[in-house]
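J.: Here you go, one structure.
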There are 2 protein chains.
Amino acid sequence: MRKGDATRVRILDEATRQVAQRGLIAASLGDLAEAVGLSKSGLFKHFESKEAMQLAVIERAQEQFTEYVWRPVQDLPHGRPRLQAIFDRWLDWTETECAAHGCPIMALSVELDDQPGPLRDALQRGMERWRRTLMREFQAMRQPPMAEAEAAAAYFQMKSYLLGHSEAKRLMGDPDARRSARAAFHALLDRSEG
Amino acid sequence: MRKGDATRVRILDEATRQVAQRGLIAASLGDLAEAVGLSKSGLFKHFESKEAMQLAVIERAQEQFTEYVWRPVQDLPHGRPRLQAIFDRWLDWTETECAAHGCPIMALSVELDDQPGPLRDALQRGMERWRRTLMREFQAMRQPPMAEAEAAAAYFQMKSYLLGHSEAKRLMGDPDARRSARAAFHALLDRSEG
DNA sequence: CTCGAAAGAGCACGATCGGTCACTTATTGT
DNA sequence: ACAATAAGTGACCGATCGTGCTCTTTCGAG
């Protein structure tokens, strides 16, 4: 039961890459098996169905994101220092980690946003948790903490700048994308500070 | 030669819907033919290949967007009034026009952003033109016109809010998405005004 | 009205899709 | 070390993919 788990992770990591590049539907078991170095049926034995694998991919992608963006900042002080570090780390995620194949979470977002079901639910759950986390960081910028509505507005803008950065950088090839995003975000932090 | 053109438009409109929902690769000629009421080969005669059709879909989607967002505002005064109208119209595009199947342009953006070739080029071209148009509107907010770099920064934020709105509304089902986006955008306009 | 051309139907192709099954090989607990 | 079980293989299924081909229907210019 131990070797199987290692293989399963290898499959999911490769699947995450292919999903980021081609989307959930277009990522085929055949290509995936070849990339991992397994036969199609050998790979398939690790999952009950393709949808089960897709679900696992969604969880894995969010795990990777958390590992990359959240882990390095979780010892920083709450509020502005942590928010700045998260933002920069998120930019790195988009520009470096996802440079070759795209961001799996963004690919999933666009693909699943009009497709109800357990897959979308899993994605929404993870993103909602992450949103609550970031809102708490905004609230911690002030003493007493800012109102929930204001934190929600701040989160909306932060997330927007990150989406804007991704499009500008990845699709449009804008070399100033990172600078634009950071400038906008720092202005937001200034506005949010008491 | 006239009936063929009408059919071609019917095909492209339906194809645009399917591309918005499932993506370029996953939108199949079989389903498309059935939805339009043609045989697969009858439909195929209107295009040299699937890629040629995909290219036509990209052009058509941008045409639809321009028609919906730009046309109704082009008689308004330059600067703030027109920008406000564009933003609201764009929100309508996302919330109403694309409610059922998603925004084709956003689907194309995510799918093509790491896939060089004529398809991505066509998409980039259209979006760059639209960006220049919006930047000119920002510049027209001031006398003398604001610097190009500042207009670029303003455009970046505007586009970001629209992306944020789409994700909040469509994926997360946030009922406040429109309000959040409008509030952020109006604050941006205030900041941008001389 | 006629006739050539355009529009479309029907069929078939090789490839690939997700998925199953019987079988062999490798790993693990005892 | 040995039996039990997990991991992985290969052949195969029906369905569907994009794309040709030939044939029929429909249209529009003269």
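Chain lettering (A, B, ...) mirrors the order of the structure tokens, residue numbering begins at 1 for each chain separately, and ligand numbering begins at 1 in order of display.
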When you look at region 3-16 of chain D with a cut-off of 10 Å (counting only C-alpha atoms (C1' of nucleotides)), what residues show up, excluding the ones that are within fewer than 3 positions of it in the same chain? I need them as a count of residues only.

T.: 30

J.: Could you write out, as a ChimeraX atom specification, all the residues of chain A that DSSP marks as helix (DSSP H, G or I)?

T.: /A:2-22,29-36,40-44,50-73,80-97,104-112,118-139,148-171,177-192

J.: Near Ala107 (chain B), within 7 Å and counting only C-alpha atoms (C1' of nucleotides), which residues show up once chain neighbours fewer than 2 positions away are dropped, as a PDB file with N, CA and C atoms, in the first residue's frame?

T.:
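And here's result38.pdb as it stands now:
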ATOM      1  N   VAL A 110     -12.176  28.732 -14.689  1.00  0.00           N
ATOM      2  CA  VAL A 110     -12.895  29.107 -15.902  1.00  0.00           C
ATOM      3  C   VAL A 110     -13.666  27.918 -16.461  1.00  0.00           C
TER       4      VAL A 110
ATOM      5  N   ALA B  20     -17.305  28.861 -25.259  1.00  0.00           N
ATOM      6  CA  ALA B  20     -17.363  29.511 -23.952  1.00  0.00           C
ATOM      7  C   ALA B  20     -17.595  28.484 -22.861  1.00  0.00           C
ATOM      8  N   GLY B  23     -14.636  25.084 -24.033  1.00  0.00           N
ATOM      9  CA  GLY B  23     -13.283  25.323 -24.505  1.00  0.00           C
ATOM     10  C   GLY B  23     -13.107  24.982 -25.976  1.00  0.00           C
ATOM     11  N   CYS B 103     -18.126  33.482 -20.581  1.00  0.00           N
ATOM     12  CA  CYS B 103     -17.606  34.445 -21.539  1.00  0.00           C
ATOM     13  C   CYS B 103     -16.611  33.750 -22.461  1.00  0.00           C
ATOM     14  N   PRO B 104     -16.883  33.760 -23.782  1.00  0.00           N
ATOM     15  CA  PRO B 104     -15.993  33.066 -24.711  1.00  0.00           C
ATOM     16  C   PRO B 104     -14.577  33.648 -24.687  1.00  0.00           C
ATOM     17  N   ILE B 105     -14.483  34.956 -24.529  1.00  0.00           N
ATOM     18  CA  ILE B 105     -13.164  35.578 -24.585  1.00  0.00           C
ATOM     19  C   ILE B 105     -12.323  35.163 -23.385  1.00  0.00           C
ATOM     20  N   SER B 109      -8.910  33.154 -23.441  1.00  0.00           N
ATOM     21  CA  SER B 109      -7.706  33.704 -22.808  1.00  0.00           C
ATOM     22  C   SER B 109      -6.958  32.645 -22.023  1.00  0.00           C
ATOM     23  N   VAL B 110      -7.696  31.925 -21.181  1.00  0.00           N
ATOM     24  CA  VAL B 110      -7.048  30.937 -20.318  1.00  0.00           C
ATOM     25  C   VAL B 110      -6.550  29.748 -21.130  1.00  0.00           C
ATOM     26  N   GLU B 111      -7.290  29.397 -22.153  1.00  0.00           N
ATOM     27  CA  GLU B 111      -6.905  28.227 -22.939  1.00  0.00           C
ATOM     28  C   GLU B 111      -5.703  28.510 -23.831  1.00  0.00           C
TER      29      GLU B 111
END

J.: Could you jot down the CA of Gln54 (chain B) to CA of Leu24 (chain B) separation for me, Å, one decimal place?

T.: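 Spanning CA of Gln54 (chain B) to CA of Leu24 (chain B) is a straight-line distance of 7.0 Å.
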
J.: With a cut-off of 7 Å, could you pull out the residues of chain B touching chain A and give me the nearest pair of atoms for each, distance in Å to one decimal, using only C-alpha atoms, ordered by chain and ascending number, as a tab-separated table?

T.:
residue	atom	partner	partner_atom	distance
B:Arg22	CA	A:Glu111	CA	6.8
B:Ala26	CA	A:Ala26	CA	6.5
B:His101	CA	A:Asp114	CA	6.5
B:Gly102	CA	A:Asp114	CA	6.6
B:Ala107	CA	A:Val110	CA	6.3
B:Ser109	CA	A:Leu171	CA	6.6
B:Val110	CA	A:Ala107	CA	6.3
B:Glu111	CA	A:Arg22	CA	6.8
B:Asp113	CA	A:Leu171	CA	4.3
B:Asp114	CA	A:His101	CA	6.5
B:Gln124	CA	A:Met172	CA	6.3
B:Ala153	CA	A:Ser180	CA	6.2
B:Phe156	CA	A:Gly164	CA	6.7
B:Gln157	CA	A:Tyr161	CA	6.8
B:Lys159	CA	A:Gly164	CA	6.4
B:Ser160	CA	A:Gly164	CA	4.3
B:Tyr161	CA	A:Ser160	CA	5.2
B:Leu163	CA	A:Ser160	CA	6.2
B:Gly164	CA	A:Ser160	CA	4.3
B:Arg170	CA	A:Asp113	CA	5.7
B:Leu171	CA	A:Asp113	CA	4.3
B:Met172	CA	A:Gln124	CA	6.3
B:Ser180	CA	A:Ala153	CA	6.2

J.: Generate a file of the selected residues that holds N, CA and C atoms, formatted as a PDB file, in the first residue's frame.

T.:
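Writing the result to out11.pdb gives the following:
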ATOM      1  N   ARG B  22     -17.190  24.912 -23.069  1.00  0.00           N
ATOM      2  CA  ARG B  22     -16.330  23.742 -22.964  1.00  0.00           C
ATOM      3  C   ARG B  22     -14.900  23.961 -23.400  1.00  0.00           C
ATOM      4  N   ALA B  26     -12.495  21.107 -26.742  1.00  0.00           N
ATOM      5  CA  ALA B  26     -13.594  20.214 -26.375  1.00  0.00           C
ATOM      6  C   ALA B  26     -14.871  20.484 -27.159  1.00  0.00           C
ATOM      7  N   HIS B 101     -23.463  30.327 -20.543  1.00  0.00           N
ATOM      8  CA  HIS B 101     -22.358  29.503 -21.035  1.00  0.00           C
ATOM      9  C   HIS B 101     -20.973  30.020 -20.662  1.00  0.00           C
ATOM     10  N   GLY B 102     -20.907  31.207 -20.093  1.00  0.00           N
ATOM     11  CA  GLY B 102     -19.615  31.781 -19.786  1.00  0.00           C
ATOM     12  C   GLY B 102     -19.149  32.725 -20.870  1.00  0.00           C
ATOM     13  N   ALA B 107     -12.691  32.370 -21.689  1.00  0.00           N
ATOM     14  CA  ALA B 107     -12.342  30.965 -21.901  1.00  0.00           C
ATOM     15  C   ALA B 107     -11.158  30.853 -22.856  1.00  0.00           C
ATOM     16  N   SER B 109      -8.910  33.154 -23.441  1.00  0.00           N
ATOM     17  CA  SER B 109      -7.706  33.704 -22.808  1.00  0.00           C
ATOM     18  C   SER B 109      -6.958  32.645 -22.023  1.00  0.00           C
ATOM     19  N   VAL B 110      -7.696  31.925 -21.181  1.00  0.00           N
ATOM     20  CA  VAL B 110      -7.048  30.937 -20.318  1.00  0.00           C
ATOM     21  C   VAL B 110      -6.550  29.748 -21.130  1.00  0.00           C
ATOM     22  N   GLU B 111      -7.290  29.397 -22.153  1.00  0.00           N
ATOM     23  CA  GLU B 111      -6.905  28.227 -22.939  1.00  0.00           C
ATOM     24  C   GLU B 111      -5.703  28.510 -23.831  1.00  0.00           C
ATOM     25  N   ASP B 113      -3.383  31.076 -23.493  1.00  0.00           N
ATOM     26  CA  ASP B 113      -2.315  31.940 -23.004  1.00  0.00           C
ATOM     27  C   ASP B 113      -0.950  31.263 -23.004  1.00  0.00           C
ATOM     28  N   ASP B 114      -0.912  29.947 -23.037  1.00  0.00           N
ATOM     29  CA  ASP B 114       0.385  29.274 -23.114  1.00  0.00           C
ATOM     30  C   ASP B 114       0.484  28.419 -24.368  1.00  0.00           C
ATOM     31  N   GLN B 124      -4.796  38.033 -29.012  1.00  0.00           N
ATOM     32  CA  GLN B 124      -3.960  39.127 -28.504  1.00  0.00           C
ATOM     33  C   GLN B 124      -4.211  40.417 -29.271  1.00  0.00           C
ATOM     34  N   ALA B 153      -1.709  52.121 -16.138  1.00  0.00           N
ATOM     35  CA  ALA B 153      -1.973  51.647 -14.776  1.00  0.00           C
ATOM     36  C   ALA B 153      -3.478  51.631 -14.499  1.00  0.00           C
ATOM     37  N   PHE B 156      -5.036  48.764 -16.270  1.00  0.00           N
ATOM     38  CA  PHE B 156      -4.735  47.512 -15.580  1.00  0.00           C
ATOM     39  C   PHE B 156      -5.726  47.271 -14.441  1.00  0.00           C
ATOM     40  N   GLN B 157      -6.010  48.315 -13.695  1.00  0.00           N
ATOM     41  CA  GLN B 157      -6.918  48.144 -12.566  1.00  0.00           C
ATOM     42  C   GLN B 157      -8.351  47.912 -13.027  1.00  0.00           C
ATOM     43  N   LYS B 159      -9.374  46.537 -15.831  1.00  0.00           N
ATOM     44  CA  LYS B 159      -9.468  45.183 -16.338  1.00  0.00           C
ATOM     45  C   LYS B 159      -9.453  44.182 -15.184  1.00  0.00           C
ATOM     46  N   SER B 160      -8.636  44.453 -14.192  1.00  0.00           N
ATOM     47  CA  SER B 160      -8.556  43.574 -13.033  1.00  0.00           C
ATOM     48  C   SER B 160      -9.904  43.460 -12.334  1.00  0.00           C
ATOM     49  N   TYR B 161     -10.557  44.584 -12.118  1.00  0.00           N
ATOM     50  CA  TYR B 161     -11.847  44.550 -11.431  1.00  0.00           C
ATOM     51  C   TYR B 161     -12.871  43.742 -12.225  1.00  0.00           C
ATOM     52  N   LEU B 163     -12.173  41.239 -14.236  1.00  0.00           N
ATOM     53  CA  LEU B 163     -11.826  39.830 -14.059  1.00  0.00           C
ATOM     54  C   LEU B 163     -12.268  39.353 -12.680  1.00  0.00           C
ATOM     55  N   GLY B 164     -12.029  40.178 -11.682  1.00  0.00           N
ATOM     56  CA  GLY B 164     -12.449  39.831 -10.325  1.00  0.00           C
ATOM     57  C   GLY B 164     -13.947  39.669 -10.232  1.00  0.00           C
ATOM     58  N   ARG B 170     -19.449  34.444 -11.190  1.00  0.00           N
ATOM     59  CA  ARG B 170     -19.738  33.217 -11.912  1.00  0.00           C
ATOM     60  C   ARG B 170     -19.281  31.981 -11.146  1.00  0.00           C
ATOM     61  N   LEU B 171     -18.063  32.026 -10.616  1.00  0.00           N
ATOM     62  CA  LEU B 171     -17.566  30.833  -9.923  1.00  0.00           C
ATOM     63  C   LEU B 171     -18.055  30.789  -8.481  1.00  0.00           C
ATOM     64  N   MET B 172     -17.913  31.907  -7.777  1.00  0.00           N
ATOM     65  CA  MET B 172     -18.219  31.890  -6.347  1.00  0.00           C
ATOM     66  C   MET B 172     -19.670  32.219  -6.048  1.00  0.00           C
ATOM     67  N   SER B 180     -19.252  45.252  -5.563  1.00  0.00           N
ATOM     68  CA  SER B 180     -17.822  45.357  -5.249  1.00  0.00           C
ATOM     69  C   SER B 180     -17.046  45.933  -6.428  1.00  0.00           C
TER      70      SER B 180
END

J.: What does the structure give for the distance between CA of Glu95 (chain A) and CA of Pro175 (chain A), in Å to one decimal?

T.: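 Straight-line distance from CA of Glu95 (chain A) to CA of Pro175 (chain A) works out to 10.9 Å.
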
J.: Could you please determine the separation between CA of Ala27 (chain B) and CA of Ala15 (chain B) in Å, to one decimal place?

T.: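 That distance, rounded to one decimal, is 7.4 Å.
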
J.: Smallest atom-to-atom distance to chain C: which of B:Gln18, B:Gly37, B:Arg136, B:Leu91, using only C-alpha atoms (C1' of nucleotides)?

T.: B:Gly37

J.: For chain B, work out the contacting residues on chain C at 10 Å, counting only C-alpha atoms (C1' of nucleotides), and write them as a list in words.

T.: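 Residues of chain C within 10 Å of chain B, counting only C-alpha atoms (C1' of nucleotides): DA5, DA6, DA7, DG8, DA9 and DG10 of chain C.
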
J.: Give me a file of those residues, with N, CA and C atoms (P, O5', C5', C4', C3', O3' and C1' of nucleotides), as a short mmCIF file (atom, residue, chain, number, x, y, z; two decimals), in the first residue's frame.

T.:
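So again.cif came out as:
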data_model
loop_
_atom_site.label_atom_id
_atom_site.label_comp_id
_atom_site.auth_asym_id
_atom_site.auth_seq_id
_atom_site.Cartn_x
_atom_site.Cartn_y
_atom_site.Cartn_z
P DA C 5 -19.67 25.55 -63.09
"O5'" DA C 5 -19.88 26.20 -61.65
"C5'" DA C 5 -20.62 27.42 -61.54
"C4'" DA C 5 -21.23 27.53 -60.16
"C3'" DA C 5 -20.35 26.97 -59.03
"O3'" DA C 5 -20.43 27.87 -57.93
"C1'" DA C 5 -22.46 25.96 -58.92
P DA C 6 -19.30 27.87 -56.78
"O5'" DA C 6 -20.16 27.96 -55.45
"C5'" DA C 6 -21.29 28.83 -55.41
"C4'" DA C 6 -22.35 28.25 -54.49
"C3'" DA C 6 -21.84 27.80 -53.12
"O3'" DA C 6 -22.68 28.37 -52.13
"C1'" DA C 6 -23.12 26.09 -54.11
P DA C 7 -22.39 28.17 -50.58
"O5'" DA C 7 -23.39 27.00 -50.18
"C5'" DA C 7 -24.78 27.18 -50.42
"C4'" DA C 7 -25.57 26.01 -49.84
"C3'" DA C 7 -25.10 25.56 -48.46
"O3'" DA C 7 -26.26 25.32 -47.66
"C1'" DA C 7 -25.07 23.73 -49.97
P DG C 8 -26.09 25.00 -46.10
"O5'" DG C 8 -26.20 23.41 -46.10
"C5'" DG C 8 -27.38 22.81 -46.61
"C4'" DG C 8 -27.12 21.34 -46.85
"C3'" DG C 8 -26.62 20.54 -45.65
"O3'" DG C 8 -27.69 19.74 -45.17
"C1'" DG C 8 -25.63 19.86 -47.70
P DA C 9 -27.48 18.62 -44.06
"O5'" DA C 9 -27.41 17.30 -44.95
"C5'" DA C 9 -28.44 17.03 -45.89
"C4'" DA C 9 -28.37 15.59 -46.37
"C3'" DA C 9 -28.14 14.56 -45.27
"O3'" DA C 9 -28.91 13.40 -45.56
"C1'" DA C 9 -26.31 14.53 -46.80
P DG C 10 -29.07 12.22 -44.51
"O5'" DG C 10 -28.00 11.15 -44.99
"C5'" DG C 10 -27.89 10.85 -46.38
"C4'" DG C 10 -26.75 9.85 -46.58
"C3'" DG C 10 -26.46 8.97 -45.37
"O3'" DG C 10 -26.39 7.62 -45.81
"C1'" DG C 10 -24.48 10.04 -46.09
#

J.: Show which residues sit within 9 Å of DG18 (chain D), as a list in words. Count only C-alpha atoms (C1' of nucleotides), and ignore same-chain residues fewer than 3 positions away.

T.: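 Everything that qualifies: Ser28, Leu29, Ser49 and Lys50 of chain B.
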